[in-house]
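Source file coords-v9.cif; content: mmCIF, C-alpha atoms and all ligand atoms.
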data_input
loop_
_atom_site.label_atom_id
_atom_site.label_comp_id
_atom_site.auth_asym_id
_atom_site.auth_seq_id
_atom_site.Cartn_x
_atom_site.Cartn_y
_atom_site.Cartn_z
CA MET D 113 28.36 4.29 -14.12
CA ILE D 114 28.36 3.41 -17.82
CA PRO D 115 31.86 4.08 -19.21
CA PRO D 116 32.47 6.10 -22.39
CA LEU D 117 32.80 4.56 -25.82
CA VAL D 118 36.07 5.66 -27.38
CA TYR D 119 36.29 5.41 -31.17
CA GLU D 120 39.44 5.45 -33.21
CA LEU D 121 38.45 6.51 -36.72
CA VAL D 122 36.36 9.45 -37.89
CA ASN D 123 34.27 7.15 -40.10
CA GLN D 124 33.27 5.14 -37.02
CA GLU D 125 31.60 8.10 -35.37
CA GLN D 126 28.06 7.21 -36.43
CA LEU D 127 28.34 3.57 -35.34
CA ALA D 128 30.01 4.69 -32.10
CA ARG D 129 27.14 7.08 -31.40
CA GLU D 130 24.51 4.40 -32.13
CA VAL D 131 26.10 1.84 -29.81
CA ALA D 132 26.81 4.50 -27.16
CA SER D 133 23.21 5.71 -27.24
CA TYR D 134 21.88 2.13 -26.75
CA ILE D 135 24.24 1.57 -23.84
CA GLY D 136 23.65 4.99 -22.33
CA ALA D 137 27.30 6.00 -22.81
CA THR D 138 29.00 8.98 -24.43
CA ALA D 139 30.97 8.50 -27.63
CA ILE D 140 34.35 10.23 -27.59
CA LYS D 141 37.27 10.39 -30.03
CA SER D 142 40.38 8.41 -29.16
CA GLU D 143 42.49 11.51 -28.50
CA GLN D 144 40.60 11.71 -25.21
CA LEU D 145 41.50 8.10 -24.39
CA THR D 146 41.36 7.45 -20.70
CA ASP D 147 42.80 4.88 -18.33
CA GLN D 148 39.34 4.58 -16.81
CA PRO D 149 37.03 1.71 -17.87
CA HIS D 150 35.90 2.25 -21.46
CA LEU D 151 34.61 0.57 -24.58
CA TYR D 152 36.94 0.90 -27.54
CA LEU D 153 35.86 0.83 -31.16
CA SER D 154 38.68 0.39 -33.65
CA GLU D 155 39.20 -1.23 -37.03
CA SER D 156 39.54 -4.58 -35.25
CA GLY D 157 36.12 -4.26 -33.63
CA LEU D 158 34.64 -3.41 -30.25
CA SER D 159 36.46 -4.18 -27.01
CA PHE D 160 36.27 -3.31 -23.33
CA PHE D 161 39.05 -2.07 -21.08
CA HIS D 162 39.12 -2.06 -17.29
CA PRO D 163 42.25 -0.87 -15.47
CA GLU D 164 41.72 -3.33 -12.60
CA ALA D 165 41.40 -6.41 -14.80
CA ARG D 166 44.30 -8.84 -14.52
CA SER D 167 44.60 -9.08 -18.27
CA LYS D 168 46.50 -6.17 -19.79
CA ASN D 169 44.68 -6.74 -23.09
CA LYS D 170 41.30 -5.28 -23.81
CA PHE D 171 38.47 -7.81 -23.65
CA GLN D 172 37.09 -8.73 -27.03
CA ILE D 173 34.89 -11.56 -28.24
CA ASP D 174 36.72 -13.41 -30.97
CA PHE D 175 35.11 -16.51 -32.43
CA ASN D 176 37.93 -16.97 -34.94
CA SER D 177 40.99 -17.63 -32.81
CA GLY D 178 42.67 -17.25 -29.44
CA SER D 179 41.23 -18.26 -26.11
CA THR D 180 37.65 -17.60 -27.13
CA GLY D 181 38.29 -19.89 -30.10
CA TRP D 182 35.50 -22.11 -28.93
CA ARG D 183 36.51 -25.34 -30.61
CA ILE D 184 39.76 -25.51 -28.66
CA LYS D 185 40.06 -27.75 -25.58
CA ARG D 186 36.34 -28.24 -25.25
CA ALA D 187 36.09 -31.93 -26.03
CA ASP D 188 35.52 -33.03 -22.41
CA HIS D 189 33.05 -30.26 -21.82
CA GLU D 190 31.26 -31.18 -25.04
CA LYS D 191 30.88 -34.79 -23.84
CA LEU D 192 29.34 -33.62 -20.56
CA ILE D 193 26.96 -31.18 -22.24
CA LYS D 194 25.84 -33.83 -24.74
CA LYS D 195 25.14 -36.19 -21.86
CA ALA D 196 23.25 -33.48 -19.97
CA LEU D 197 21.06 -32.71 -23.00
CA GLY D 198 20.38 -36.41 -23.54
CA LYS D 199 19.64 -38.19 -26.80
CA SER D 200 17.21 -36.58 -29.16
CA GLU D 201 16.21 -37.55 -32.68
CA HIS D 202 15.24 -33.99 -33.55
CA PRO D 203 17.03 -30.69 -33.07
CA LEU D 204 16.11 -29.14 -29.73
CA ASN D 205 14.85 -25.65 -29.08
CA ILE D 206 17.11 -24.41 -26.28
CA LEU D 207 16.79 -21.29 -24.13
CA ASP D 208 20.25 -20.29 -22.87
CA CYS D 209 19.39 -17.92 -20.01
CA THR D 210 23.02 -16.89 -19.47
CA ALA D 211 24.73 -16.18 -22.80
CA GLY D 212 28.08 -14.96 -21.34
CA MET D 213 30.67 -15.51 -24.07
CA LEU D 214 28.29 -17.84 -25.97
CA GLN D 215 30.67 -20.78 -25.54
CA ASP D 216 28.00 -23.22 -24.39
CA THR D 217 25.53 -21.85 -26.93
CA LEU D 218 28.11 -22.55 -29.66
CA LEU D 219 28.28 -26.16 -28.54
CA PHE D 220 24.49 -26.40 -28.73
CA LEU D 221 24.51 -24.82 -32.19
CA SER D 222 27.28 -27.14 -33.36
CA LEU D 223 25.08 -30.07 -32.35
CA GLY D 224 22.39 -28.72 -34.68
CA HIS D 225 20.06 -27.22 -32.06
CA GLN D 226 18.15 -23.94 -32.25
CA VAL D 227 19.19 -21.51 -29.49
CA THR D 228 17.70 -18.36 -28.02
CA ALA D 229 20.47 -16.84 -25.86
CA LEU D 230 19.78 -14.11 -23.31
CA GLU D 231 22.35 -11.69 -21.93
CA GLN D 232 21.51 -9.11 -19.30
CA SER D 233 24.60 -6.92 -19.87
CA LYS D 234 24.27 -4.25 -22.56
CA ILE D 235 28.04 -4.05 -22.89
CA LEU D 236 28.54 -7.79 -23.27
CA PHE D 237 25.57 -7.99 -25.65
CA HIS D 238 27.26 -5.46 -27.96
CA LEU D 239 30.64 -7.19 -27.66
CA LEU D 240 28.93 -10.45 -28.67
CA GLN D 241 27.15 -8.87 -31.62
CA ASP D 242 30.45 -7.40 -32.73
CA GLY D 243 32.20 -10.80 -32.34
CA ILE D 244 29.45 -12.47 -34.38
CA SER D 245 29.68 -9.88 -37.14
CA ARG D 246 33.46 -10.51 -37.42
CA SER D 247 33.14 -14.30 -37.32
CA GLU D 248 34.53 -16.13 -40.33
CA ASP D 249 31.91 -18.85 -39.83
CA GLN D 250 28.52 -17.18 -40.17
CA SER D 251 26.66 -20.44 -40.82
CA ILE D 252 26.93 -21.52 -37.16
CA PHE D 253 24.95 -18.46 -36.06
CA LYS D 254 21.98 -19.10 -38.39
CA LYS D 255 20.04 -20.92 -35.68
CA LEU D 256 20.84 -18.36 -32.96
CA GLU D 257 18.68 -15.56 -31.66
CA LEU D 258 20.65 -13.38 -29.23
CA ILE D 259 18.57 -11.07 -27.05
CA HIS D 260 19.62 -8.39 -24.59
CA THR D 261 17.37 -8.99 -21.58
CA ASN D 262 17.27 -10.39 -18.09
CA ALA D 263 16.14 -14.01 -18.29
CA CYS D 264 13.69 -13.52 -15.40
CA SER D 265 11.94 -10.70 -17.29
CA TYR D 266 11.88 -12.85 -20.43
CA SER D 267 10.52 -15.92 -18.64
CA ALA D 268 6.83 -14.98 -19.00
CA GLN D 269 7.13 -15.02 -22.80
CA ALA D 270 9.34 -18.12 -22.95
CA LYS D 271 7.31 -20.75 -24.79
CA ASN D 272 7.97 -23.93 -26.76
CA PHE D 273 11.47 -24.57 -25.42
CA ASP D 274 12.66 -28.15 -24.96
CA VAL D 275 15.57 -27.22 -22.69
CA ILE D 276 16.22 -24.32 -20.32
CA TYR D 277 19.96 -23.85 -19.76
CA PHE D 278 21.25 -21.83 -16.80
CA ASP D 279 24.94 -21.12 -16.10
CA PRO D 280 25.12 -18.29 -13.54
CA MET D 281 28.37 -16.63 -12.48
CA TYR D 282 30.06 -18.69 -9.77
CA PRO D 283 30.37 -16.85 -6.47
CA SER D 284 33.87 -15.44 -6.29
CA THR D 285 36.08 -17.18 -3.76
CA LYS D 286 39.79 -16.93 -3.00
CA LYS D 287 40.25 -20.20 -4.86
CA ASN D 288 38.61 -19.18 -8.13
CA ALA D 289 39.69 -15.53 -7.99
CA LEU D 290 42.61 -16.39 -10.23
CA GLY D 291 40.44 -18.36 -12.62
CA SER D 292 39.70 -17.39 -16.18
CA GLY D 293 40.76 -13.85 -17.11
CA GLN D 294 37.73 -13.70 -19.37
CA LEU D 295 35.32 -14.47 -16.54
CA GLN D 296 37.06 -11.82 -14.47
CA TYR D 297 36.46 -9.36 -17.30
CA ILE D 298 32.78 -10.36 -17.36
CA SER D 299 32.51 -9.66 -13.63
CA LYS D 300 34.15 -6.26 -14.21
CA ILE D 301 31.59 -5.53 -16.95
CA LEU D 302 28.71 -6.52 -14.65
CA GLU D 303 30.20 -4.40 -11.85
CA THR D 304 30.49 -1.42 -14.22
CA GLU D 305 26.81 -1.77 -15.15
CA SER D 306 25.85 -2.35 -11.48
CA LEU D 307 24.28 -5.69 -12.41
CA GLU D 308 23.96 -7.93 -9.41
CA ASN D 309 22.55 -11.40 -9.63
CA ASN D 310 21.14 -13.78 -7.15
CA ALA D 311 21.53 -17.11 -8.91
CA PHE D 312 19.23 -18.91 -6.49
CA LYS D 313 16.41 -16.38 -6.98
CA ASP D 314 16.91 -16.51 -10.75
CA PHE D 315 16.76 -20.31 -10.61
CA GLU D 316 13.45 -20.18 -8.75
CA VAL D 317 11.92 -18.03 -11.50
CA LEU D 318 13.49 -19.86 -14.44
CA GLN D 319 12.50 -23.32 -13.26
CA LEU D 320 8.87 -22.29 -13.76
CA ILE D 321 9.35 -21.92 -17.53
CA PRO D 322 7.54 -24.83 -19.19
CA ALA D 323 10.10 -27.13 -20.84
CA ARG D 324 11.05 -30.79 -21.07
CA LYS D 325 14.10 -30.23 -18.88
CA MET D 326 16.26 -27.64 -17.18
CA VAL D 327 20.04 -28.02 -17.14
CA VAL D 328 21.94 -26.03 -14.51
CA LYS D 329 25.75 -25.72 -14.51
CA ARG D 330 27.32 -25.68 -11.04
CA PRO D 331 30.81 -25.91 -9.55
CA ILE D 332 31.40 -29.58 -8.73
CA LYS D 333 31.27 -29.11 -4.96
CA ALA D 334 28.39 -26.60 -4.80
CA GLU D 335 25.02 -27.51 -3.35
CA PRO D 336 22.28 -27.95 -5.97
CA PHE D 337 19.79 -25.06 -6.08
CA SER D 338 17.02 -27.54 -5.27
CA PRO D 339 16.87 -31.00 -3.67
CA GLN D 340 14.56 -31.97 -6.55
CA THR D 341 17.42 -32.55 -8.98
CA ASN D 342 16.51 -35.59 -11.09
CA TYR D 343 20.06 -36.52 -12.02
CA GLN D 344 23.56 -35.10 -12.34
CA VAL D 345 26.30 -35.25 -14.94
CA SER D 346 29.67 -34.57 -13.33
CA GLY D 347 33.08 -33.69 -14.72
CA LYS D 348 36.28 -32.81 -12.88
CA THR D 349 35.33 -29.27 -11.87
CA THR D 350 31.83 -28.80 -13.20
CA ARG D 351 28.52 -30.51 -12.66
CA PHE D 352 25.25 -30.31 -14.57
CA ASP D 353 22.10 -30.66 -12.44
CA ILE D 354 19.15 -31.82 -14.48
CA TYR D 355 15.53 -31.11 -13.56
CA ILE D 356 12.79 -32.84 -15.54
C1 LIG J 401 29.08 -17.75 -16.23
S1 LIG J 401 28.59 -16.65 -17.49
C2 LIG J 401 27.91 -17.74 -18.68
C3 LIG J 401 28.94 -18.34 -19.56
C4 LIG J 401 28.33 -19.00 -20.79
N1 LIG J 401 27.59 -20.18 -20.43
C5 LIG J 401 29.38 -19.34 -21.80
O1 LIG J 401 29.50 -20.53 -22.14
O2 LIG J 401 30.08 -18.45 -22.29
C6 LIG J 401 27.13 -15.91 -16.87
C7 LIG J 401 26.56 -14.87 -17.85
O3 LIG J 401 25.15 -14.85 -17.69
C8 LIG J 401 24.69 -13.55 -17.56
N2 LIG J 401 23.51 -13.60 -16.68
C9 LIG J 401 23.49 -13.97 -15.38
N3 LIG J 401 22.24 -13.93 -14.90
C10 LIG J 401 21.45 -13.55 -15.94
C11 LIG J 401 20.06 -13.34 -16.08
N4 LIG J 401 19.22 -13.50 -15.05
N5 LIG J 401 19.59 -12.94 -17.29
C12 LIG J 401 20.44 -12.77 -18.35
N6 LIG J 401 21.76 -12.95 -18.27
C13 LIG J 401 22.27 -13.35 -17.08
C14 LIG J 401 25.85 -12.77 -16.96
O4 LIG J 401 25.74 -11.40 -17.30
C15 LIG J 401 27.04 -13.45 -17.59
O5 LIG J 401 27.37 -12.86 -18.81
#

Rewrite the structure of this file - the entire thing - as structure tokens.
Amino acid sequence: MIPPLVYELVNQEQLAREVASYIGATAIKSEQLTDQPHLYLSESGLSFFHPEARSKNKFQIDFNSGSTGWRIKRADHEKLIKKALGKSEHPLNILDCTAGMLQDTLLFLSLGHQVTALEQSKILFHLLQDGISRSEDQSIFKKLELIHTNACSYSAQAKNFDVIYFDPMYPSTKKNALGSGQLQYISKILETESLENNAFKDFEVLQLIPARKMVVKRPIKAEPFSPQTNYQVSGKTTRFDIYI
């Protein structure tokens, strides 16, 4: 069930109603605040709360600071991604099928590429839009088109991309259950919207999109989705499978 959107200030009512109507939620004033899952619109932006999430804080996309501050601690990851994309004299046109928190997309953008990023979750899509609107660095988003859609539905219209990028949710195991609080929040959002994915089925559809290459992010020890992987770029915990 889609949770309510709780707004704090009277002057946010119209925006709250617009977002709520897109999501299929009801907009309610903060006096009726609940300890059930809800979206929260306040002066500091849009956030999501789930009582079962490990993090006590509401989940908000913040491109300016904190743990979503994408420039932090990403040097190793950046090296791997650069290697996976390969050398190119011109900016690439990349389709990121799994926007998530846009962290990988931001790396692509910072390398000068053009990115179309797809996110299936309405809630996450709005959190991202809100994060982008509050970002102090607007220039980085100039070459981004963010679309709310399922990548498999979009695939028929996907043309002229150099690279298809696919980073599905890892299956939850006892070992990774205590992983990133943010990823746990994303799974809670997907659960709330009853969005279930089958990464292997998605891969089978997405690999048919015409492109120079497909880059698939996998846990280091996971089987590739296909034996036809052309090469792999491996880090400590993550691996990129490349299909040409
Ligand atoms: C592991 S996260 C991606 C993280 C992202 N690469 C980042 O750097 O922030 C997976 C995200 O992809 C989205 N997703 C999964 N399958 C999708 C699909 N078929 N179409 C669109 N979005 C999808 C999920 O909703 C989730 O937000």

- Message: Report as a PyMOL selection string all protein, DNA and RNA residues lying within 6 Å of range 231-247 of chain D, evaluated on only C-alpha atoms, omitting residues in the same chain fewer than 3 positions from it.
- Response: chain D and resi 135+173-176+210-211+260-262

- Message: Taking all atoms listed in the file and a cut-off of 10 Å, can you tell me which residues surround ligand LIG 401 (chain J), written as number ranges by chain?
- Response: D: 180, 182, 208-219, 229-237, 259-267, 277-283, 294-295, 297-299, 301-303, 305, 307-311, 313-315, 317-318, 329-330

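From CA of Arg324 in chain D back to CA of Ala196 in chain D, the distance works out to 12.5 Å.
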
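CA of Gly198 in chain D to CA of Phe312 in chain D spans 24.5 Å [interatomic distance, one decimal].
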
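If you measure from each of D:Tyr152, D:Ser251, D:Tyr355, D:Gln296 to Ala165 in chain D using all atoms listed in the file, the closest one turns out to be D:Gln296.
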
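In this model, the gap between CA of Leu258 in chain D and CA of Tyr134 in chain D comes to 15.8 Å.
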
For range 152-155 of chain D, what centre and edge lengths in Å (one decimal) does the axis-aligned box get once 4 Å is added on each side of all its listed atoms, as lines of an AutoDock Vina configuration file?
center_x = 37.5
center_y = -0.2
center_z = -32.3
size_x = 11.3
size_y = 10.1
size_z = 17.5

- Considering all atoms listed in the file, return as a PyMOL selection string whatever protein or nucleic-acid residues lie within 10 Å of Val227 in chain D, sequence-local ones (same chain, fewer than 3 positions apart) excluded. chain D and resi 204-208+217-218+220-221+224+230+253-258+273+275

- Within-12 Å shell of (36.0, -1.3, -37.1) in input frame, all atoms listed in the file, as a PyMOL selection string: chain D and resi 118-128+152-159+242-243+245-246

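For the point (39.1, -0.9, -23.9), the residues with an atom at a distance of at most 8 Å are D:Pro149, D:His150, D:Leu151, D:Tyr152, D:Ser159, D:Phe160, D:Phe161, D:His162, D:Lys170, D:Phe171, counting all atoms listed in the file.
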